[in-house]
$ cat protein29.txt   # compact mmCIF, C-alpha atoms and all ligand atoms
# COMPACT_ATOMS: atom_id res chain seq x y z
CA MET O 21 230.40 72.38 33.70
CA VAL O 22 233.22 70.00 32.95
CA THR O 23 236.95 70.59 33.32
CA ALA O 24 239.17 69.19 30.55
CA LEU O 25 242.05 67.20 32.05
CA ALA O 26 243.33 66.14 28.63
CA ASP O 27 242.01 66.29 25.04
CA HIS O 28 240.15 63.00 25.63
CA LEU O 29 239.23 63.44 29.31
CA TRP O 30 236.80 65.65 31.25
CA TRP O 31 236.12 65.89 34.98
CA TYR O 32 232.68 66.67 36.37
CA ASP O 33 232.85 68.23 39.83
CA LEU O 34 229.27 67.53 40.94
CA THR O 35 229.64 69.31 44.30
CA GLY O 36 231.11 66.62 46.46
CA VAL O 37 231.16 63.72 44.03
CA ASN O 38 233.01 63.20 40.76
CA ALA O 39 232.04 61.81 37.39
CA THR O 40 234.37 61.47 34.41
CA LEU O 41 233.88 61.61 30.65
CA VAL O 42 236.41 59.77 28.50
CA ASP O 43 236.80 59.48 24.75
CA ASP O 44 238.17 55.95 24.80
CA GLY O 45 239.43 55.49 21.24
CA GLY O 46 236.19 56.87 19.80
CA MET O 47 233.89 55.22 22.34
CA LEU O 48 232.40 57.97 24.50
CA THR O 49 232.40 56.69 28.07
CA LEU O 50 230.82 58.23 31.17
CA VAL O 51 232.21 57.01 34.47
CA ASP O 52 229.74 57.23 37.39
CA THR O 53 226.61 59.36 37.32
CA GLY O 54 226.38 61.39 40.54
CA LEU O 55 223.21 61.86 42.58
CA PRO O 56 219.64 61.57 41.25
CA TRP O 57 219.42 65.33 40.60
CA HIS O 58 222.68 65.45 38.60
CA GLY O 59 221.16 64.09 35.36
CA ASN O 60 220.82 67.47 33.65
CA GLU O 61 224.32 68.54 34.69
CA LEU O 62 225.75 65.30 33.26
CA ILE O 63 223.97 65.87 29.96
CA ALA O 64 225.05 69.55 29.85
CA GLY O 65 228.64 68.40 30.41
CA LEU O 66 228.49 66.27 27.27
CA SER O 67 227.86 69.38 25.17
CA ASP O 68 230.53 71.36 27.08
CA ALA O 69 232.94 68.66 25.92
CA GLY O 70 231.65 68.95 22.33
CA TYR O 71 229.34 65.93 22.21
CA GLU O 72 225.65 65.22 21.94
CA LEU O 73 223.64 62.94 24.18
CA ARG O 74 223.30 60.36 21.41
CA ASP O 75 227.12 60.14 21.14
CA LEU O 76 227.33 58.39 24.50
CA ASP O 77 228.34 54.74 24.02
CA ARG O 78 228.76 53.36 27.51
CA ILE O 79 228.56 54.06 31.22
CA LEU O 80 231.10 52.52 33.58
CA LEU O 81 230.10 52.40 37.24
CA THR O 82 232.70 51.99 39.96
CA HIS O 83 230.06 50.74 42.40
CA PHE O 84 226.44 50.83 43.52
CA ASP O 85 225.90 53.88 45.70
CA PHE O 86 223.34 56.69 45.77
CA ASP O 87 225.96 59.25 44.72
CA HIS O 88 227.43 57.22 41.83
CA VAL O 89 224.37 55.62 40.18
CA GLY O 90 221.86 58.41 40.96
CA GLY O 91 221.91 60.00 37.51
CA LEU O 92 221.66 56.72 35.54
CA THR O 93 218.01 57.08 34.53
CA ALA O 94 218.84 60.39 32.79
CA PHE O 95 220.26 58.12 30.06
CA ASP O 96 217.17 55.94 29.62
CA GLY O 97 216.41 55.92 25.90
CA VAL O 98 220.05 56.56 24.94
CA ASP O 99 221.79 53.56 23.37
CA ALA O 100 224.47 53.22 26.07
CA THR O 101 225.43 50.00 27.85
CA ILE O 102 225.98 50.14 31.62
CA TYR O 103 228.91 48.20 33.15
CA VAL O 104 229.32 47.46 36.87
CA GLY O 105 231.12 44.95 39.10
CA LYS O 106 229.14 41.70 39.29
CA ARG O 107 228.48 41.79 43.05
CA ASP O 108 226.91 45.26 42.73
CA ALA O 109 225.08 44.60 39.43
CA PRO O 110 221.88 43.10 40.97
CA LEU O 111 221.57 46.21 43.16
CA VAL O 112 221.77 48.48 40.10
CA THR O 113 219.08 46.49 38.28
CA GLY O 114 216.92 46.28 41.41
CA GLU O 115 216.98 42.44 41.39
CA GLN O 116 218.46 42.50 44.89
CA SER O 117 218.15 44.82 47.87
CA PRO O 118 221.15 45.93 49.93
CA PRO O 119 221.75 43.72 53.01
CA LEU O 120 220.38 44.97 56.33
CA GLY O 121 223.04 43.15 58.37
CA ASN O 122 225.76 45.67 57.48
CA HIS O 123 225.73 49.35 58.55
CA LYS O 124 226.44 50.54 55.02
CA GLY O 125 224.00 48.09 53.47
CA ALA O 126 221.29 49.23 55.89
CA PHE O 127 221.85 52.85 54.84
CA GLN O 128 221.69 51.85 51.18
CA ARG O 129 218.44 49.96 51.87
CA LEU O 130 216.98 53.04 53.54
CA ILE O 131 217.56 55.27 50.50
CA SER O 132 216.91 52.64 47.81
CA PRO O 133 213.26 53.76 47.30
CA PHE O 134 214.71 56.99 45.89
CA LEU O 135 216.67 55.15 43.18
CA ASP O 136 215.01 53.88 40.00
CA ALA O 137 216.48 51.01 38.00
CA PRO O 138 217.81 52.13 34.60
CA ASP O 139 216.25 50.94 31.32
CA ASN O 140 219.62 50.27 29.65
CA GLU O 141 221.30 46.88 29.62
CA VAL O 142 223.51 46.28 32.68
CA VAL O 143 226.60 44.13 32.04
CA PRO O 144 228.25 42.59 35.14
CA LEU O 145 232.06 42.71 35.24
CA ALA O 146 234.60 40.38 36.83
CA ASP O 147 238.19 41.08 37.81
CA GLY O 148 240.39 41.09 34.71
CA ASP O 149 237.57 41.83 32.27
CA THR O 150 238.21 44.56 29.73
CA VAL O 151 235.92 47.29 28.39
CA GLY O 152 237.56 49.18 25.53
CA SER O 153 241.04 50.12 26.72
CA PHE O 154 240.07 49.67 30.39
CA THR O 155 240.94 46.69 32.56
CA VAL O 156 238.65 45.93 35.49
CA TYR O 157 240.09 45.47 39.00
CA HIS O 158 237.74 44.07 41.65
CA THR O 159 238.47 46.18 44.75
CA PRO O 160 235.86 45.17 47.38
CA GLY O 161 235.41 46.92 50.73
CA HIS O 162 233.62 50.22 50.11
CA THR O 163 230.99 47.97 48.52
CA PRO O 164 231.25 44.22 47.80
CA GLY O 165 231.27 44.75 44.03
CA HIS O 166 233.46 47.87 43.88
CA VAL O 167 235.77 47.99 40.85
CA CYS O 168 238.52 50.32 39.62
CA TYR O 169 239.26 50.80 35.92
CA VAL O 170 242.74 51.33 34.47
CA SER O 171 243.60 52.24 30.89
CA GLU O 172 247.28 51.85 30.12
CA THR O 173 246.69 53.42 26.70
CA LEU O 174 245.30 56.59 28.29
CA SER O 175 247.52 56.34 31.42
CA LEU O 176 244.34 56.74 33.46
CA GLY O 177 243.10 55.17 36.69
CA LEU O 178 239.46 55.57 37.73
CA LEU O 179 239.47 54.76 41.41
CA GLY O 180 235.87 55.29 42.54
CA ASP O 181 235.58 55.12 46.33
CA LEU O 182 238.51 52.78 46.95
CA VAL O 183 240.23 55.99 48.05
CA ARG O 184 239.34 59.67 48.26
CA GLU O 185 241.53 62.72 47.78
CA ASP O 186 241.88 64.90 50.86
CA GLY O 187 244.46 67.65 51.35
CA GLY O 188 246.50 66.66 48.30
CA ARG O 189 246.79 62.95 49.03
CA PHE O 190 244.80 59.76 48.92
CA GLU O 191 243.05 58.34 51.97
CA PRO O 192 241.20 55.03 52.30
CA SER O 193 237.41 55.03 52.11
CA PRO O 194 236.28 55.69 55.72
CA TRP O 195 234.35 53.23 57.94
CA LEU O 196 231.05 55.12 57.99
CA VAL O 197 230.53 54.76 54.25
CA SER O 198 232.25 51.38 53.75
CA TYR O 199 230.97 47.81 54.05
CA ASP O 200 234.33 46.59 55.35
CA THR O 201 237.40 48.77 56.01
CA ASP O 202 239.77 45.76 56.37
CA ALA O 203 238.74 44.76 52.87
CA VAL O 204 239.32 48.36 51.69
CA ALA O 205 242.90 48.20 53.03
CA ARG O 206 243.51 44.81 51.37
CA SER O 207 242.07 46.10 48.10
CA ILE O 208 244.31 49.20 48.14
CA SER O 209 247.43 47.01 48.60
CA ASP O 210 246.27 44.44 46.06
CA PHE O 211 245.32 47.06 43.46
CA ALA O 212 248.59 49.02 43.96
CA GLU O 213 250.51 45.79 43.41
CA ARG O 214 248.61 44.52 40.37
CA ALA O 215 247.72 47.66 38.41
CA PRO O 216 250.14 49.14 35.85
CA ASP O 217 251.49 52.66 36.38
CA PHE O 218 249.22 55.53 35.38
CA GLU O 219 249.58 59.32 35.51
CA VAL O 220 246.00 60.59 35.81
CA ALA O 221 244.01 59.31 38.79
CA VAL O 222 240.36 60.23 39.36
CA PRO O 223 238.88 59.33 42.77
CA GLY O 224 235.13 59.38 43.45
CA HIS O 225 235.55 62.30 45.86
CA GLY O 226 238.15 65.07 45.97
CA VAL O 227 240.36 66.54 43.29
CA PRO O 228 241.84 64.31 40.56
CA PHE O 229 245.60 64.04 40.17
CA GLU O 230 246.92 64.74 36.68
CA LYS O 231 250.43 63.41 37.37
CA ARG O 232 251.92 60.40 39.18
CA GLY O 233 248.53 58.94 40.11
CA SER O 234 249.65 55.36 40.70
CA GLU O 235 252.73 56.57 42.59
CA ARG O 236 250.47 58.40 45.07
CA LEU O 237 248.40 55.28 45.52
CA ASP O 238 251.56 53.21 46.10
CA ARG O 239 252.47 55.68 48.84
CA LEU O 240 249.15 55.03 50.59
CA ALA O 241 249.45 51.27 50.07
CA ALA O 242 252.83 51.33 51.82
CA THR O 243 251.07 52.53 55.00
CA MET O 244 248.42 49.76 54.94
ZN ZN I 301 230.90 57.99 46.80

$ encode --input "protein29.txt" --output "structure tokens"
Amino acid sequence: MVTALADHLWWYDLTGVNATLVDDGGMLTLVDTGLPWHGNELIAGLSDAGYELRDLDRILLTHFDFDHVGGLTAFDGVDATIYVGKRDAPLVTGEQSPPLGNHKGAFQRLISPFLDAPDNEVVPLADGDTVGSFTVYHTPGHTPGHVCYVSETLSLGLLGDLVREDGGRFEPSPWLVSYDTDAVARSISDFAERAPDFEVAVPGHGVPFEKRGSERLDRLAATM
């Protein structure tokens, strides 16, 4: 099931992790893909929103993690390009393994046998790149290649695991699941400063905000 947040925007609540479907000026865009067993739910959500599987044009990933790239292979055979921050891209394609010298990397390495590389083309993104109406912001910390996406046209910020919603406000990505929490804090401040204002904010975990998204992030950044 998907929840419509606007006439061009749908939220997947995949029990604990979010994915988002956006009609970005006619380009149907899925943002993050949940856990490996979420594939069918993602595909069912497309028809809930009035689309078919073949309508999907692109998949934006906020980062490489079990609970955000897990459903990717459900889209093998669909003509959809995958986009991901360039530091995380070789992990998505399987060209690199997560580093053992970091607690988060070691956990990722442990579960990597359960993730298959997708068949679709994977395009690495750098800070400032654009995909459709979205601008890419490199926000390292949760993972080295973590990115957020902001569309000024849609007044939409896709925040991935830079922050999570808890009790009606944003909190930084916690230590246990982050490569580097100092980098998370720097990224929150840097992103809050550089990104334009947006109303709708979808974090990777928790409930999306439909109003004053960037304002809520600014509030967190002020405490960093
Ligand atoms: Zn996550």

$ atom_distance --input "protein29.txt" --atom1 "atom CA of O:Val51" --atom2 "atom CA of O:Asp77"
11.4 Å

$ atom_distance --input "protein29.txt" --atom1 "atom CA of O:Ile79" --atom2 "atom CA of O:Glu219"
22.1 Å

$ residues_around --input "protein29.txt" --residues "O:Phe95" --least-positions-apart "6" --cutoff "10 Å" --atoms "all atoms listed in the file" --output "PyMOL selection string"
chain O and resi 53+59+62-63+73-74+76+79+101-102+138-140

$ closest_residue --input "protein29.txt" --among "O:Val89, O:Gly105, O:Ile131, O:Asp43" --to "O:Asp75" --atoms "all atoms listed in the file"
O:Asp43

$ residues_near_ligand --input "protein29.txt" --ligand "ligand ZN 301 (chain I)" --cutoff "6 Å" --atoms "only C-alpha atoms and all ligand atoms" --output "number ranges by chain"
O: 87, 181, 224

$ atom_distance --input "protein29.txt" --atom1 "atom CA of O:Thr93" --atom2 "atom CA of O:Gly70"
21.8 Å

$ closest_residue --input "protein29.txt" --among "O:Tyr199, O:Phe190, O:Tyr157, O:Trp57" --to "O:Leu135" --atoms "all atoms listed in the file"
O:Trp57

$ closest_residue --input "protein29.txt" --among "O:Gly54, O:Gly226, O:Gly165, O:Gly90" --to "O:Ala109" --atoms "all atoms listed in the file"
O:Gly165

$ closest_residue --input "protein29.txt" --among "O:Asp147, O:Glu191, O:Asp202, O:Glu213" --to "O:Gly161" --atoms "all atoms listed in the file"
O:Asp202

$ residues_near_point --input "protein29.txt" --point "(239.6, 50.2, 53.8)" --cutoff "9 Å" --atoms "only C-alpha atoms" --output "ChimeraX atom specification"
/O:160-162,182-183,192-195,198-208,244

$ write_last_selection --input "protein29.txt" --atoms "C-alpha atoms" --output "mmCIF file, keeping the file's coordinate frame"
data_model
loop_
_atom_site.group_PDB
_atom_site.id
_atom_site.type_symbol
_atom_site.label_atom_id
_atom_site.label_comp_id
_atom_site.auth_asym_id
_atom_site.auth_seq_id
_atom_site.Cartn_x
_atom_site.Cartn_y
_atom_site.Cartn_z
ATOM 1 C CA PRO O 160 235.860 45.170 47.380
ATOM 2 C CA GLY O 161 235.410 46.920 50.730
ATOM 3 C CA HIS O 162 233.620 50.220 50.110
ATOM 4 C CA LEU O 182 238.510 52.780 46.950
ATOM 5 C CA VAL O 183 240.230 55.990 48.050
ATOM 6 C CA PRO O 192 241.200 55.030 52.300
ATOM 7 C CA SER O 193 237.410 55.030 52.110
ATOM 8 C CA PRO O 194 236.280 55.690 55.720
ATOM 9 C CA TRP O 195 234.350 53.230 57.940
ATOM 10 C CA SER O 198 232.250 51.380 53.750
ATOM 11 C CA TYR O 199 230.970 47.810 54.050
ATOM 12 C CA ASP O 200 234.330 46.590 55.350
ATOM 13 C CA THR O 201 237.400 48.770 56.010
ATOM 14 C CA ASP O 202 239.770 45.760 56.370
ATOM 15 C CA ALA O 203 238.740 44.760 52.870
ATOM 16 C CA VAL O 204 239.320 48.360 51.690
ATOM 17 C CA ALA O 205 242.900 48.200 53.030
ATOM 18 C CA ARG O 206 243.510 44.810 51.370
ATOM 19 C CA SER O 207 242.070 46.100 48.100
ATOM 20 C CA ILE O 208 244.310 49.200 48.140
ATOM 21 C CA MET O 244 248.420 49.760 54.940
#
